[in-house]
Amino acid sequence: MVRKPAKMYRNISKKAYTRRKYMGGVPGSKIVQFEMGNLSQEFPTEVDLIVEEACQIRHSALEAARITTNRRLMKEVGRSNFHFKVRVFPHHVLRENKQATGAGADRVSEGMRLSFGKAVGTAARVSAGQKILTVYSTPNYLEKIKDALHHAGYKLPTPVHLKVSEIKVSGRIIAAPKLVGEKVVAAPVVVEEVAAEPAKGGKDAAKGAAPAKGGKDAAPAKADDKKGAAHAKGGKK
């Protein structure tokens, strides 16, 4: 990656340069993973790192912010109690017209004005108000998560702020992590069971309602009533 200062690549100018199949070769990205921690559990609290200005963030800066946040979360929160996610990818390819260096290169060190240049690295183009890093966890670790993301903001070339929000997880009961001996163990996710409602209509309901209205069971009852009535009339006579 180029060793020039980041302020040369921070501002967004011209169109994005992303068509890699037309490029001779692009240096690889330093970001090795984008999701860390406990990926199988759902957490009720979300903390986002949001940029305040539109800019370009080099892949080396994103990796530095990721390492800082992940190390602090692993040490103070524990791997099983958070889900950390990097939400941007360095698609934009940075170009530079490399200058001659060394002794005797004073006359050609300036180079051509507005030259196209060669690929020297990648960067992510972000807009104001965009989420860069996100951590999902439980409310009891909120202050430690905010401190980790606060330190990650120092690695980025733009002012940032944090946003805390609650996630409504439907049909689930999420308990707080518990301490077993000296290790912090994540509490299991318990799924609520909803009892099935009885059918209002259908074949079973029709079968159950049929004998009440009439049928084999109801017919003898009517015949007995007629015989009783006839005997009653004959007795009177």
# chains A, B, ... in the order shown; residues from 1 in each chain; ligands from 1
$ select_by_dssp --residues "region 1-134 of chain A" --states "strand (DSSP E or B)" --output "number ranges by chain"
A: 35-37, 45-51, 55-58, 83-86, 92-96, 118-126, 131-134
$ residues_around --residues "Val26 (chain A)" --least-positions-apart "5" --cutoff "7 Å" --atoms "only C-alpha atoms" --output "list in words"
Ala119, Val120 and Gly121 of chain A
$ write_last_selection --atoms "C-alpha atoms" --output "PDB file, in the first residue's frame"
ATOM      1  CA  ALA A 119      -3.535   0.992  -8.737  1.00  0.00           C
ATOM      2  CA  VAL A 120      -1.948   1.231  -5.297  1.00  0.00           C
ATOM      3  CA  GLY A 121      -4.779   0.162  -2.952  1.00  0.00           C
TER       4      GLY A 121
END
$ residues_around --residues "region 74-85 of chain A" --least-positions-apart "4" --cutoff "7 Å" --atoms "only C-alpha atoms" --output "PyMOL selection string"
chain A and resi 34-39+70+133-137+141+144+186
$ write_last_selection --atoms "C-alpha atoms" --output "short mmCIF file (atom, residue, chain, number, x, y, z; two decimals), in the first residue's frame"
data_model
loop_
_atom_site.label_atom_id
_atom_site.label_comp_id
_atom_site.auth_asym_id
_atom_site.auth_seq_id
_atom_site.Cartn_x
_atom_site.Cartn_y
_atom_site.Cartn_z
CA PHE A 34 -16.19 -8.96 8.40
CA GLU A 35 -18.16 -10.76 11.15
CA MET A 36 -16.79 -11.81 14.55
CA GLY A 37 -18.02 -13.09 17.90
CA ASN A 38 -21.17 -15.16 18.45
CA LEU A 39 -22.92 -15.41 15.07
CA ASN A 70 -12.46 -6.76 18.25
CA LEU A 133 -19.33 -0.78 12.35
CA THR A 134 -22.11 -2.50 14.33
CA VAL A 135 -22.01 -4.48 17.57
CA TYR A 136 -24.97 -6.57 18.82
CA SER A 137 -25.00 -7.53 22.50
CA TYR A 141 -22.20 -4.63 28.28
CA LYS A 144 -17.75 -1.43 27.29
CA ALA A 186 -23.95 -17.05 27.18
#
$ atom_distance --atom1 "CA of Leu94 (chain A)" --atom2 "CA of Leu156 (chain A)"
16.9 Å
$ closest_residue --among "A:Ala148, A:Leu62, A:Met23, A:Asn140" --to "Lys118 (chain A)" --atoms "only C-alpha atoms"
A:Met23
$ atom_distance --atom1 "CA of Ile50 (chain A)" --atom2 "CA of Arg125 (chain A)"
13.5 Å
$ residues_around --residues "Ala65 (chain A)" --least-positions-apart "4" --cutoff "12 Å" --atoms "only C-alpha atoms" --output "ChimeraX atom specification"
/A:30-31,34,49,57-61,69-72,84-86,132-134,148-157
